[in-house]
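*Asks:* I am sharing run-v7.cif, which consists of mmCIF, C-alpha atoms:
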data_work
loop_
_atom_site.label_atom_id
_atom_site.label_comp_id
_atom_site.auth_asym_id
_atom_site.auth_seq_id
_atom_site.Cartn_x
_atom_site.Cartn_y
_atom_site.Cartn_z
CA MET N 1 -40.62 -36.30 -27.99
CA ILE N 2 -39.92 -38.89 -25.28
CA VAL N 3 -39.96 -37.34 -21.82
CA VAL N 4 -37.93 -38.99 -19.07
CA ALA N 5 -39.10 -38.12 -15.55
CA GLY N 6 -36.99 -38.81 -12.48
CA GLU N 7 -33.85 -38.08 -10.57
CA ALA N 8 -30.41 -36.91 -11.64
CA LEU N 9 -27.59 -37.52 -9.18
CA ILE N 10 -23.86 -37.99 -8.84
CA ASP N 11 -22.43 -41.51 -8.63
CA LEU N 12 -19.22 -41.73 -6.62
CA VAL N 13 -17.44 -44.66 -8.26
CA PRO N 14 -14.49 -46.40 -6.51
CA GLN N 15 -11.21 -46.54 -8.38
CA GLY N 16 -9.99 -49.68 -6.68
CA ARG N 17 -10.94 -52.18 -3.98
CA GLY N 18 -11.67 -51.61 -0.32
CA ALA N 19 -13.77 -49.23 1.73
CA LEU N 20 -11.29 -46.35 1.40
CA ALA N 21 -10.67 -46.57 -2.35
CA SER N 22 -10.60 -43.23 -4.14
CA LEU N 23 -13.99 -42.12 -5.45
CA THR N 24 -14.53 -40.45 -8.81
CA PRO N 25 -17.74 -38.48 -9.42
CA ALA N 26 -19.81 -39.52 -12.43
CA LEU N 27 -23.11 -38.26 -13.81
CA GLY N 28 -25.92 -40.68 -12.99
CA GLY N 29 -29.35 -41.64 -11.77
CA GLY N 30 -31.50 -44.19 -13.58
CA PRO N 31 -33.81 -41.71 -15.36
CA TYR N 32 -30.87 -39.42 -16.13
CA ASN N 33 -28.95 -42.28 -17.76
CA THR N 34 -32.06 -43.22 -19.75
CA ALA N 35 -32.42 -39.66 -21.04
CA VAL N 36 -28.75 -39.46 -22.06
CA ALA N 37 -28.97 -42.84 -23.80
CA LEU N 38 -32.09 -41.78 -25.71
CA GLY N 39 -30.40 -38.57 -26.80
CA ARG N 40 -27.31 -40.45 -27.99
CA LEU N 41 -29.51 -42.82 -29.97
CA GLY N 42 -31.10 -39.87 -31.74
CA SER N 43 -34.58 -39.85 -30.21
CA PRO N 44 -35.98 -36.37 -29.49
CA THR N 45 -35.87 -36.37 -25.69
CA ALA N 46 -36.71 -34.05 -22.80
CA PHE N 47 -35.81 -34.44 -19.12
CA CYS N 48 -38.38 -33.63 -16.42
CA SER N 49 -36.80 -33.37 -12.98
CA ARG N 50 -35.50 -30.99 -10.34
CA THR N 51 -31.77 -30.38 -10.03
CA SER N 52 -29.53 -28.37 -7.76
CA LEU N 53 -28.01 -25.00 -8.56
CA ASP N 54 -24.68 -26.34 -7.27
CA ALA N 55 -21.74 -27.34 -9.48
CA PHE N 56 -22.92 -30.95 -9.69
CA GLY N 57 -26.33 -29.78 -10.84
CA GLU N 58 -24.76 -27.67 -13.58
CA ALA N 59 -22.62 -30.61 -14.70
CA LEU N 60 -25.70 -32.85 -14.88
CA LEU N 61 -27.50 -30.36 -17.13
CA ASP N 62 -24.40 -29.99 -19.31
CA GLY N 63 -24.33 -33.77 -19.77
CA LEU N 64 -27.94 -33.75 -20.94
CA ARG N 65 -27.33 -30.88 -23.33
CA GLU N 66 -24.30 -32.65 -24.80
CA ALA N 67 -26.54 -35.64 -25.55
CA GLY N 68 -29.07 -33.39 -27.29
CA VAL N 69 -31.67 -33.61 -24.50
CA ASP N 70 -34.09 -30.72 -23.94
CA VAL N 71 -33.67 -29.50 -20.36
CA SER N 72 -36.34 -26.79 -20.41
CA PRO N 73 -38.72 -28.86 -18.19
CA VAL N 74 -36.06 -29.17 -15.44
CA GLN N 75 -36.88 -27.37 -12.20
CA ARG N 76 -34.00 -25.93 -10.12
CA GLY N 77 -33.35 -25.45 -6.42
CA ALA N 78 -30.63 -24.34 -3.99
CA GLU N 79 -30.59 -27.70 -2.15
CA PRO N 80 -27.58 -29.99 -2.78
CA THR N 81 -27.37 -32.75 -5.38
CA THR N 82 -28.11 -36.34 -4.31
CA LEU N 83 -25.01 -38.56 -4.03
CA ALA N 84 -24.83 -42.31 -4.61
CA VAL N 85 -21.70 -44.17 -3.49
CA ALA N 86 -21.16 -47.23 -5.67
CA THR N 87 -19.50 -50.50 -4.69
CA ILE N 88 -18.36 -52.73 -7.56
CA ASP N 89 -18.06 -56.49 -6.97
CA THR N 90 -15.75 -58.93 -8.76
CA ASN N 91 -18.33 -59.48 -11.53
CA GLY N 92 -18.68 -55.76 -12.22
CA SER N 93 -22.10 -55.51 -10.58
CA ALA N 94 -22.80 -52.28 -8.71
CA ALA N 95 -24.49 -51.69 -5.35
CA TYR N 96 -25.21 -48.25 -3.92
CA SER N 97 -25.43 -46.25 -0.70
CA PHE N 98 -27.42 -43.03 -1.04
CA TYR N 99 -27.15 -39.57 0.51
CA VAL N 100 -30.58 -38.08 -0.12
CA ASP N 101 -31.69 -36.01 2.89
CA GLY N 102 -32.61 -32.45 1.93
CA THR N 103 -31.54 -32.81 -1.70
CA ALA N 104 -32.93 -30.89 -4.65
CA ASP N 105 -34.58 -33.70 -6.59
CA ARG N 106 -36.84 -34.68 -3.68
CA LEU N 107 -38.76 -31.40 -4.03
CA PHE N 108 -39.92 -32.02 -7.59
CA ALA N 109 -43.44 -30.69 -8.31
CA ALA N 110 -45.71 -32.13 -10.99
CA PRO N 111 -45.71 -29.79 -14.01
CA ALA N 112 -48.93 -28.24 -15.26
CA SER N 113 -48.41 -29.91 -18.63
CA LEU N 114 -45.97 -31.93 -20.71
CA PRO N 115 -44.38 -30.67 -23.94
CA THR N 116 -47.06 -30.56 -26.62
CA ASP N 117 -45.33 -33.16 -28.82
CA THR N 118 -44.85 -35.73 -26.04
CA ARG N 119 -45.32 -39.31 -27.31
CA ALA N 120 -44.13 -41.17 -24.21
CA VAL N 121 -43.07 -40.61 -20.60
CA SER N 122 -40.62 -42.87 -18.75
CA PHE N 123 -40.50 -43.20 -14.94
CA GLY N 124 -38.44 -45.08 -12.38
CA THR N 125 -35.88 -45.61 -9.64
CA CYS N 126 -35.38 -43.39 -6.56
CA SER N 127 -37.79 -40.71 -7.75
CA LEU N 128 -40.74 -43.02 -7.07
CA VAL N 129 -39.58 -43.68 -3.49
CA LEU N 130 -38.42 -40.40 -1.98
CA GLU N 131 -41.17 -38.06 -0.80
CA PRO N 132 -42.53 -35.52 -1.41
CA GLY N 133 -41.29 -35.88 -4.98
CA ALA N 134 -42.50 -39.48 -5.30
CA SER N 135 -46.13 -38.40 -5.03
CA ALA N 136 -45.56 -35.70 -7.65
CA TYR N 137 -44.06 -38.21 -10.10
CA GLU N 138 -46.95 -40.56 -9.36
CA GLU N 139 -49.40 -37.77 -10.17
CA LEU N 140 -47.59 -37.15 -13.46
CA LEU N 141 -47.72 -40.87 -14.32
CA ARG N 142 -51.45 -41.09 -13.72
CA THR N 143 -52.17 -37.83 -15.54
CA ALA N 144 -50.14 -38.81 -18.59
CA ALA N 145 -51.83 -42.21 -18.79
CA ALA N 146 -55.28 -40.64 -18.45
CA GLN N 147 -54.43 -38.39 -21.41
CA GLY N 148 -53.55 -41.43 -23.53
CA VAL N 149 -49.78 -40.87 -23.43
CA PHE N 150 -47.60 -43.99 -23.60
CA THR N 151 -45.95 -44.63 -20.22
CA ALA N 152 -42.95 -46.77 -19.31
CA LEU N 153 -41.95 -47.85 -15.81
CA ASP N 154 -38.67 -49.31 -14.52
CA PRO N 155 -38.96 -49.62 -10.71
CA ASN N 156 -35.19 -50.31 -10.47
CA ILE N 157 -35.47 -51.24 -6.79
CA ARG N 158 -33.07 -49.69 -4.29
CA ALA N 159 -34.19 -51.58 -1.21
CA GLY N 160 -32.09 -49.51 1.20
CA LEU N 161 -34.20 -46.45 0.38
CA ILE N 162 -37.56 -48.16 0.95
CA PRO N 163 -38.61 -47.97 4.63
CA ASP N 164 -41.78 -50.07 4.25
CA ALA N 165 -41.39 -52.81 1.64
CA ASP N 166 -45.01 -53.99 1.79
CA ALA N 167 -46.34 -50.46 1.36
CA TYR N 168 -44.09 -49.92 -1.66
CA ARG N 169 -45.18 -53.23 -3.22
CA ALA N 170 -48.82 -52.19 -2.84
CA ARG N 171 -48.04 -48.80 -4.37
CA PHE N 172 -46.25 -50.48 -7.28
CA LYS N 173 -49.36 -52.54 -8.01
CA SER N 174 -51.48 -49.38 -7.93
CA TRP N 175 -49.34 -47.88 -10.73
CA LEU N 176 -49.80 -50.77 -13.15
CA PRO N 177 -53.17 -49.67 -14.60
CA SER N 178 -51.37 -46.49 -15.71
CA VAL N 179 -48.36 -48.27 -17.26
CA SER N 180 -48.02 -49.21 -20.95
CA LEU N 181 -44.60 -50.93 -20.77
CA LEU N 182 -43.13 -52.41 -17.59
CA LYS N 183 -39.41 -53.18 -17.67
CA LEU N 184 -37.62 -54.60 -14.65
CA SER N 185 -34.68 -56.80 -13.74
CA GLU N 186 -34.97 -60.38 -12.55
CA GLU N 187 -33.83 -59.18 -9.11
CA ASP N 188 -36.49 -56.46 -9.05
CA ALA N 189 -39.15 -59.02 -9.96
CA LEU N 190 -38.12 -61.32 -7.11
CA TRP N 191 -38.16 -58.44 -4.61
CA LEU N 192 -41.55 -57.16 -5.74
CA GLY N 193 -43.22 -60.57 -5.85
CA GLY N 194 -45.85 -61.53 -8.37
CA THR N 195 -45.30 -62.65 -11.94
CA PRO N 196 -45.28 -61.00 -15.38
CA ARG N 197 -48.65 -62.60 -16.11
CA GLU N 198 -50.16 -61.08 -12.96
CA TRP N 199 -48.72 -57.66 -13.81
CA LEU N 200 -50.02 -57.84 -17.39
CA ALA N 201 -53.51 -58.54 -16.06
CA SER N 202 -53.32 -55.24 -14.14
CA GLY N 203 -52.62 -52.98 -17.10
CA PRO N 204 -49.34 -53.07 -19.06
CA SER N 205 -49.38 -54.20 -22.69
CA ALA N 206 -45.97 -55.84 -22.29
CA VAL N 207 -43.49 -56.73 -19.53
CA VAL N 208 -39.76 -57.00 -20.27
CA VAL N 209 -37.55 -58.79 -17.72
CA THR N 210 -33.76 -58.50 -17.93
CA HIS N 211 -31.50 -61.35 -16.81
CA GLY N 212 -28.11 -59.64 -16.69
CA GLY N 213 -25.68 -61.24 -19.11
CA ASP N 214 -28.24 -63.93 -19.96
CA GLY N 215 -30.43 -61.58 -21.97
CA LEU N 216 -34.04 -60.38 -21.91
CA THR N 217 -37.54 -61.85 -22.02
CA VAL N 218 -40.74 -60.13 -23.09
CA PHE N 219 -44.17 -61.27 -21.92
CA THR N 220 -47.23 -60.07 -23.81
CA ARG N 221 -50.95 -60.10 -23.18
CA ASP N 222 -51.62 -62.78 -25.79
CA GLY N 223 -49.75 -65.27 -23.60
CA ALA N 224 -46.51 -65.21 -25.59
CA ALA N 225 -43.04 -65.15 -24.03
CA LEU N 226 -39.99 -64.44 -26.18
CA ALA N 227 -36.38 -64.50 -24.95
CA VAL N 228 -33.14 -63.38 -26.59
CA PRO N 229 -29.63 -64.07 -25.24
CA GLY N 230 -27.29 -61.40 -23.97
CA GLU N 231 -24.38 -60.14 -26.04
CA LYS N 232 -21.04 -61.53 -24.85
CA VAL N 233 -18.67 -58.79 -23.71
CA ASP N 234 -15.82 -58.21 -21.28
CA VAL N 235 -17.69 -56.50 -18.43
CA VAL N 236 -16.03 -53.48 -16.82
CA ASP N 237 -19.12 -52.69 -14.72
CA THR N 238 -22.89 -52.81 -15.09
CA ILE N 239 -23.62 -49.18 -14.17
CA GLY N 240 -26.34 -47.87 -16.47
CA ALA N 241 -26.97 -51.18 -18.27
CA GLY N 242 -30.65 -51.41 -17.31
CA ASP N 243 -31.15 -47.74 -18.09
CA THR N 244 -29.66 -48.33 -21.54
CA VAL N 245 -32.16 -51.16 -22.06
CA ASN N 246 -34.97 -48.72 -21.21
CA ALA N 247 -33.71 -46.22 -23.74
CA ALA N 248 -33.11 -48.81 -26.45
CA LEU N 249 -36.63 -50.20 -26.05
CA LEU N 250 -38.23 -46.75 -26.17
CA HIS N 251 -36.08 -45.67 -29.12
CA GLY N 252 -36.91 -48.88 -30.96
CA LEU N 253 -40.62 -48.54 -30.26
CA GLY N 254 -40.49 -45.01 -31.59
CA THR N 255 -38.75 -46.25 -34.73
CA LEU N 256 -41.50 -48.85 -35.19
CA ASP N 257 -44.19 -46.22 -34.54
CA ALA N 258 -45.36 -48.33 -31.61
CA LEU N 259 -45.43 -45.76 -28.81
CA SER N 260 -49.06 -46.42 -27.94
CA PRO N 261 -50.56 -49.18 -25.79
CA ALA N 262 -52.53 -50.56 -28.76
CA ALA N 263 -49.52 -50.59 -31.10
CA LEU N 264 -47.37 -52.18 -28.40
CA ALA N 265 -49.92 -54.94 -27.91
CA GLY N 266 -49.93 -55.54 -31.65
CA LEU N 267 -46.20 -56.19 -32.08
CA GLY N 268 -45.32 -59.63 -33.38
CA VAL N 269 -42.43 -62.02 -32.79
CA GLU N 270 -40.21 -60.50 -35.48
CA ASP N 271 -40.55 -56.95 -34.12
CA TRP N 272 -39.97 -58.04 -30.52
CA THR N 273 -36.92 -60.08 -31.55
CA ARG N 274 -35.42 -57.03 -33.26
CA LEU N 275 -36.21 -54.81 -30.26
CA LEU N 276 -34.76 -57.15 -27.65
CA ARG N 277 -31.60 -57.84 -29.65
CA PHE N 278 -31.11 -54.12 -30.16
CA ALA N 279 -31.49 -53.53 -26.41
CA ALA N 280 -29.07 -56.39 -25.62
CA ARG N 281 -26.44 -54.92 -27.96
CA ALA N 282 -26.83 -51.47 -26.42
CA ALA N 283 -26.54 -52.77 -22.85
CA ALA N 284 -23.44 -54.82 -23.72
CA ILE N 285 -21.65 -51.72 -24.99
CA THR N 286 -22.51 -49.87 -21.77
CA CYS N 287 -21.12 -52.79 -19.71
CA SER N 288 -17.89 -52.77 -21.70
CA ARG N 289 -16.82 -49.37 -20.35
CA ALA N 290 -16.60 -47.76 -16.95
CA GLY N 291 -19.58 -45.89 -15.55
CA ALA N 292 -22.87 -45.14 -17.28
CA GLN N 293 -21.65 -44.49 -20.83
CA PRO N 294 -24.45 -45.63 -23.15
CA PRO N 295 -23.74 -46.04 -26.86
CA TYR N 296 -24.34 -43.64 -29.70
CA ALA N 297 -26.48 -44.65 -32.66
CA SER N 298 -23.35 -44.95 -34.80
CA GLU N 299 -22.03 -47.71 -32.52
CA LEU N 300 -25.14 -49.84 -32.80
CA GLY N 301 -26.33 -49.72 -36.36
CA GLY N 302 -30.01 -49.82 -37.14
CA LEU N 303 -32.81 -51.65 -35.41
#
Take the structure I supplied and represent it as structure tokens, if you would.
*Replies:*
Amino acid sequence: MIVVAGEALIDLVPQGRGALASLTPALGGGPYNTAVALGRLGSPTAFCSRTSLDAFGEALLDGLREAGVDVSPVQRGAEPTTLAVATIDTNGSAAYSFYVDGTADRLFAAPASLPTDTRAVSFGTCSLVLEPGASAYEELLRTAAAQGVFTALDPNIRAGLIPDADAYRARFKSWLPSVSLLKLSEEDALWLGGTPREWLASGPSAVVVTHGGDGLTVFTRDGAALAVPGEKVDVVDTIGAGDTVNAALLHGLGTLDALSPAALAGLGVEDWTRLLRFAARAAAITCSRAGAQPPYASELGGL
């Protein structure tokens, strides 16, 4: 079981250009998209979050169930669902404005335990910023790592939600000793400061940096750096592309029986090449269609 911990929200996606373009609701949130992608790829997956009892909250849970994701760890509350208003530029890249005050996911509480067959836990995005939930997710990250569970982190920076950038950067560094795999975009890396080598020295066994359409690079503790190119595709938008990379990496690591810090550190060039190419293919499919619609295993073929 791979557990994905973090927010589920509704993306309001414009159906045209301009500030007053019609908005269409879509299921979203970085961790949510990762969980759906893992389920579609066939990995046993559970979602650990807190969602609203409103209609959006019900739709989010239905989307997880349709992907085969276990929703039994999801907490519920009467507060409304978080909304994210997307803006799509001419290259298909998405930016977001968030409506988060008093929403259900912010009141997440760390569970007493994870499912007994948990092999990995994935964290990221808004859930690690918005209090009081952020501290609860942080507690879960540290607890899981202390128990020897494989942990993955995608900070997926949303700068508009971070009131004190320096404080967040310090907090990010404090998480690294508890992280097995760090995945982040080139833009996230620039915002956070530091380098993959510095981050590796603090704890992770590997750091994967995405470069949009230009592909991915993995940095490992033995000093190696391996890059693969992106898959060429007609981009509709990039919503959910990074989340699909997360899922593809975790699914691939599970397939290789490498969901442990030691096994991750032991992967060679051939395995990493297969993993990164698999993730690039998966992200390209997501970019080729509107909204966060990650691929199914049947669309990708094997690792």
*Asks:* Decode the PyMOL selection byres ((chain N and resi 5-8) around 8) for the given file into explicit residues and return them as a PyMOL selection string.
*Replies:* chain N and resi 3-4+9-10+27-32+47-51+60+82+105+121-128+137
*Asks:* Restricted to C-alpha atoms, what would the selected residues look like written as a PDB file, keeping the file's coordinate frame?
*Replies:*
ATOM      1  CA  VAL N   3     -39.960 -37.340 -21.820  1.00  0.00           C
ATOM      2  CA  VAL N   4     -37.930 -38.990 -19.070  1.00  0.00           C
ATOM      3  CA  LEU N   9     -27.590 -37.520  -9.180  1.00  0.00           C
ATOM      4  CA  ILE N  10     -23.860 -37.990  -8.840  1.00  0.00           C
ATOM      5  CA  LEU N  27     -23.110 -38.260 -13.810  1.00  0.00           C
ATOM      6  CA  GLY N  28     -25.920 -40.680 -12.990  1.00  0.00           C
ATOM      7  CA  GLY N  29     -29.350 -41.640 -11.770  1.00  0.00           C
ATOM      8  CA  GLY N  30     -31.500 -44.190 -13.580  1.00  0.00           C
ATOM      9  CA  PRO N  31     -33.810 -41.710 -15.360  1.00  0.00           C
ATOM     10  CA  TYR N  32     -30.870 -39.420 -16.130  1.00  0.00           C
ATOM     11  CA  PHE N  47     -35.810 -34.440 -19.120  1.00  0.00           C
ATOM     12  CA  CYS N  48     -38.380 -33.630 -16.420  1.00  0.00           C
ATOM     13  CA  SER N  49     -36.800 -33.370 -12.980  1.00  0.00           C
ATOM     14  CA  ARG N  50     -35.500 -30.990 -10.340  1.00  0.00           C
ATOM     15  CA  THR N  51     -31.770 -30.380 -10.030  1.00  0.00           C
ATOM     16  CA  LEU N  60     -25.700 -32.850 -14.880  1.00  0.00           C
ATOM     17  CA  THR N  82     -28.110 -36.340  -4.310  1.00  0.00           C
ATOM     18  CA  ASP N 105     -34.580 -33.700  -6.590  1.00  0.00           C
ATOM     19  CA  VAL N 121     -43.070 -40.610 -20.600  1.00  0.00           C
ATOM     20  CA  SER N 122     -40.620 -42.870 -18.750  1.00  0.00           C
ATOM     21  CA  PHE N 123     -40.500 -43.200 -14.940  1.00  0.00           C
ATOM     22  CA  GLY N 124     -38.440 -45.080 -12.380  1.00  0.00           C
ATOM     23  CA  THR N 125     -35.880 -45.610  -9.640  1.00  0.00           C
ATOM     24  CA  CYS N 126     -35.380 -43.390  -6.560  1.00  0.00           C
ATOM     25  CA  SER N 127     -37.790 -40.710  -7.750  1.00  0.00           C
ATOM     26  CA  LEU N 128     -40.740 -43.020  -7.070  1.00  0.00           C
ATOM     27  CA  TYR N 137     -44.060 -38.210 -10.100  1.00  0.00           C
TER      28      TYR N 137
END
*Asks:* Find the spatial neighbours of N:Val218, counting only C-alpha atoms, within a cut-off of 7 Å - ignore same-chain residues fewer than 6 positions away - and output them as JSON, numbers by chain.
*Replies:* {"N": [206, 207, 208, 209, 225, 226, 227]}
*Asks:* I want to know what sits within 9 Å of N:Val85, based on all atoms listed in the file, with residues of the same chain fewer than 2 positions away left out; could you give that as a PDB file with C-alpha atoms, in the coordinates of the input?
*Replies:*
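part18.pdb, freshly written:
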ATOM      1  CA  ILE N  10     -23.860 -37.990  -8.840  1.00  0.00           C
ATOM      2  CA  ASP N  11     -22.430 -41.510  -8.630  1.00  0.00           C
ATOM      3  CA  LEU N  12     -19.220 -41.730  -6.620  1.00  0.00           C
ATOM      4  CA  VAL N  13     -17.440 -44.660  -8.260  1.00  0.00           C
ATOM      5  CA  PRO N  14     -14.490 -46.400  -6.510  1.00  0.00           C
ATOM      6  CA  LEU N  23     -13.990 -42.120  -5.450  1.00  0.00           C
ATOM      7  CA  LEU N  83     -25.010 -38.560  -4.030  1.00  0.00           C
ATOM      8  CA  THR N  87     -19.500 -50.500  -4.690  1.00  0.00           C
ATOM      9  CA  ALA N  95     -24.490 -51.690  -5.350  1.00  0.00           C
ATOM     10  CA  TYR N  96     -25.210 -48.250  -3.920  1.00  0.00           C
ATOM     11  CA  SER N  97     -25.430 -46.250  -0.700  1.00  0.00           C
ATOM     12  CA  PHE N  98     -27.420 -43.030  -1.040  1.00  0.00           C
ATOM     13  CA  TYR N  99     -27.150 -39.570   0.510  1.00  0.00           C
TER      14      TYR N  99
END
*Asks:* Select, from N:Ala247, N:Ala86, N:Leu176, N:Leu61, the residue with the minimum atom-to-atom distance to N:Leu141, counting all atoms listed in the file.
*Replies:*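 Going through N:Ala247, N:Ala86, N:Leu176, N:Leu61 one by one, the smallest distance to N:Leu141 is for N:Leu176.
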*Asks:* Check what the PyMOL selection byres ((chain N and resi 290-294) around 9) selects in the file above and give those residues as a PDB file with C-alpha atoms, in the frame of the given file.
*Replies:*
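Result written to result39.pdb:
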ATOM      1  CA  ASP N  11     -22.430 -41.510  -8.630  1.00  0.00           C
ATOM      2  CA  VAL N  13     -17.440 -44.660  -8.260  1.00  0.00           C
ATOM      3  CA  ALA N  26     -19.810 -39.520 -12.430  1.00  0.00           C
ATOM      4  CA  LEU N  27     -23.110 -38.260 -13.810  1.00  0.00           C
ATOM      5  CA  GLY N  28     -25.920 -40.680 -12.990  1.00  0.00           C
ATOM      6  CA  ASN N  33     -28.950 -42.280 -17.760  1.00  0.00           C
ATOM      7  CA  THR N  34     -32.060 -43.220 -19.750  1.00  0.00           C
ATOM      8  CA  VAL N  36     -28.750 -39.460 -22.060  1.00  0.00           C
ATOM      9  CA  ALA N  37     -28.970 -42.840 -23.800  1.00  0.00           C
ATOM     10  CA  LEU N  38     -32.090 -41.780 -25.710  1.00  0.00           C
ATOM     11  CA  ARG N  40     -27.310 -40.450 -27.990  1.00  0.00           C
ATOM     12  CA  LEU N  41     -29.510 -42.820 -29.970  1.00  0.00           C
ATOM     13  CA  VAL N 235     -17.690 -56.500 -18.430  1.00  0.00           C
ATOM     14  CA  VAL N 236     -16.030 -53.480 -16.820  1.00  0.00           C
ATOM     15  CA  ASP N 237     -19.120 -52.690 -14.720  1.00  0.00           C
ATOM     16  CA  THR N 238     -22.890 -52.810 -15.090  1.00  0.00           C
ATOM     17  CA  ILE N 239     -23.620 -49.180 -14.170  1.00  0.00           C
ATOM     18  CA  GLY N 240     -26.340 -47.870 -16.470  1.00  0.00           C
ATOM     19  CA  ALA N 241     -26.970 -51.180 -18.270  1.00  0.00           C
ATOM     20  CA  ASP N 243     -31.150 -47.740 -18.090  1.00  0.00           C
ATOM     21  CA  THR N 244     -29.660 -48.330 -21.540  1.00  0.00           C
ATOM     22  CA  ALA N 282     -26.830 -51.470 -26.420  1.00  0.00           C
ATOM     23  CA  ALA N 283     -26.540 -52.770 -22.850  1.00  0.00           C
ATOM     24  CA  ILE N 285     -21.650 -51.720 -24.990  1.00  0.00           C
ATOM     25  CA  THR N 286     -22.510 -49.870 -21.770  1.00  0.00           C
ATOM     26  CA  CYS N 287     -21.120 -52.790 -19.710  1.00  0.00           C
ATOM     27  CA  SER N 288     -17.890 -52.770 -21.700  1.00  0.00           C
ATOM     28  CA  ARG N 289     -16.820 -49.370 -20.350  1.00  0.00           C
ATOM     29  CA  PRO N 295     -23.740 -46.040 -26.860  1.00  0.00           C
ATOM     30  CA  TYR N 296     -24.340 -43.640 -29.700  1.00  0.00           C
TER      31      TYR N 296
END
*Asks:* Considering only C-alpha atoms, can you say which of N:Ala110, N:Ala280, N:Ala46, N:Ala120 comes closest to N:Asp257?
*Replies:*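 So, comparing all the options, the nearest one is N:Ala120.
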*Asks:* Considering all atoms listed in the file, tabulate each residue of stretch 203-288 of chain N that lies at most 8 Å from stretch 178-192 of chain N along with its nearest interatomic pair and the corresponding distance in Å to one decimal; arrange the rows by chain and ascending residue number and present them as a tab-separated table.
*Replies:*
residue	atom	partner	partner_atom	distance
N:Gly203	CA	N:Val179	CA	6.4
N:Pro204	CA	N:Ser180	CA	4.5
N:Ser205	CA	N:Ser180	CA	5.5
N:Ala206	CA	N:Leu181	CA	5.3
N:Val207	CA	N:Leu182	CA	4.7
N:Val208	CA	N:Lys183	CA	4.6
N:Val209	CA	N:Leu184	CA	5.2
N:Thr210	CA	N:Ser185	CA	4.6
N:His211	CA	N:Glu186	CA	5.6
N:Gly212	CA	N:Ser185	CA	7.7
N:Gly242	CA	N:Ser185	CA	7.6
N:Asn246	CA	N:Lys183	CA	7.2
N:Ser260	CA	N:Ser180	CA	7.6
N:Pro261	CA	N:Ser180	CA	5.5
*Asks:* Which one of N:Val71, N:Ser174, N:Leu256, N:Gly268 sits closest to N:Thr220 if you count all atoms listed in the file?
*Replies:*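 Comparing N:Val71, N:Ser174, N:Leu256, N:Gly268 against N:Thr220, the winner is N:Gly268.
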*Asks:* Quick check on the file I pasted: which residues fall under the PyMOL selection byres ((chain N and resi 147) around 12)? Write them as a PDB file with C-alpha atoms, in the coordinates of the input.
*Replies:*
ATOM      1  CA  SER N 113     -48.410 -29.910 -18.630  1.00  0.00           C
ATOM      2  CA  LEU N 114     -45.970 -31.930 -20.710  1.00  0.00           C
ATOM      3  CA  THR N 116     -47.060 -30.560 -26.620  1.00  0.00           C
ATOM      4  CA  THR N 118     -44.850 -35.730 -26.040  1.00  0.00           C
ATOM      5  CA  ARG N 119     -45.320 -39.310 -27.310  1.00  0.00           C
ATOM      6  CA  ALA N 120     -44.130 -41.170 -24.210  1.00  0.00           C
ATOM      7  CA  VAL N 121     -43.070 -40.610 -20.600  1.00  0.00           C
ATOM      8  CA  LEU N 140     -47.590 -37.150 -13.460  1.00  0.00           C
ATOM      9  CA  LEU N 141     -47.720 -40.870 -14.320  1.00  0.00           C
ATOM     10  CA  ARG N 142     -51.450 -41.090 -13.720  1.00  0.00           C
ATOM     11  CA  THR N 143     -52.170 -37.830 -15.540  1.00  0.00           C
ATOM     12  CA  ALA N 144     -50.140 -38.810 -18.590  1.00  0.00           C
ATOM     13  CA  ALA N 145     -51.830 -42.210 -18.790  1.00  0.00           C
ATOM     14  CA  ALA N 146     -55.280 -40.640 -18.450  1.00  0.00           C
ATOM     15  CA  GLY N 148     -53.550 -41.430 -23.530  1.00  0.00           C
ATOM     16  CA  VAL N 149     -49.780 -40.870 -23.430  1.00  0.00           C
ATOM     17  CA  PHE N 150     -47.600 -43.990 -23.600  1.00  0.00           C
ATOM     18  CA  THR N 151     -45.950 -44.630 -20.220  1.00  0.00           C
ATOM     19  CA  SER N 178     -51.370 -46.490 -15.710  1.00  0.00           C
ATOM     20  CA  SER N 260     -49.060 -46.420 -27.940  1.00  0.00           C
TER      21      SER N 260
END
*Asks:* Smallest atom-to-atom distance to N:Ala55: which of N:Thr81, N:Gln75, N:Ser298, N:Ser22, using only C-alpha atoms?
*Replies:*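 That would be N:Thr81, the residue with the smallest distance to N:Ala55.
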*Asks:* So which residues fall inside 12 Å of (-39.3, -48.8, -33.6) if we count only C-alpha atoms? Mind giving them as a list of chain:residue names?
*Replies:*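 Within 12 Å of (-39.3, -48.8, -33.6), the protein and nucleic acid residues are N:Ser43, N:Ala247, N:Ala248, N:Leu249, N:Leu250, N:His251, N:Gly252, N:Leu253, N:Gly254, N:Thr255, N:Leu256, N:Asp257, N:Ala258, N:Leu259, N:Ser260, N:Ala263, N:Leu264, N:Leu267, N:Glu270, N:Asp271, N:Trp272, N:Thr273, N:Arg274, N:Leu275, N:Leu276, N:Phe278, N:Ala279, N:Gly302, N:Leu303.
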*Asks:* What does the structure give for the distance between atom CA of N:Arg76 and atom CA of N:Ala104, in Å to one decimal?
*Replies:* 7.5 Å
*Asks:* Between N:Trp199, N:Ala159, N:Arg281, N:Ala262, which has the minimum distance to N:Ala297 (counting all atoms listed in the file)?
*Replies:* N:Arg281
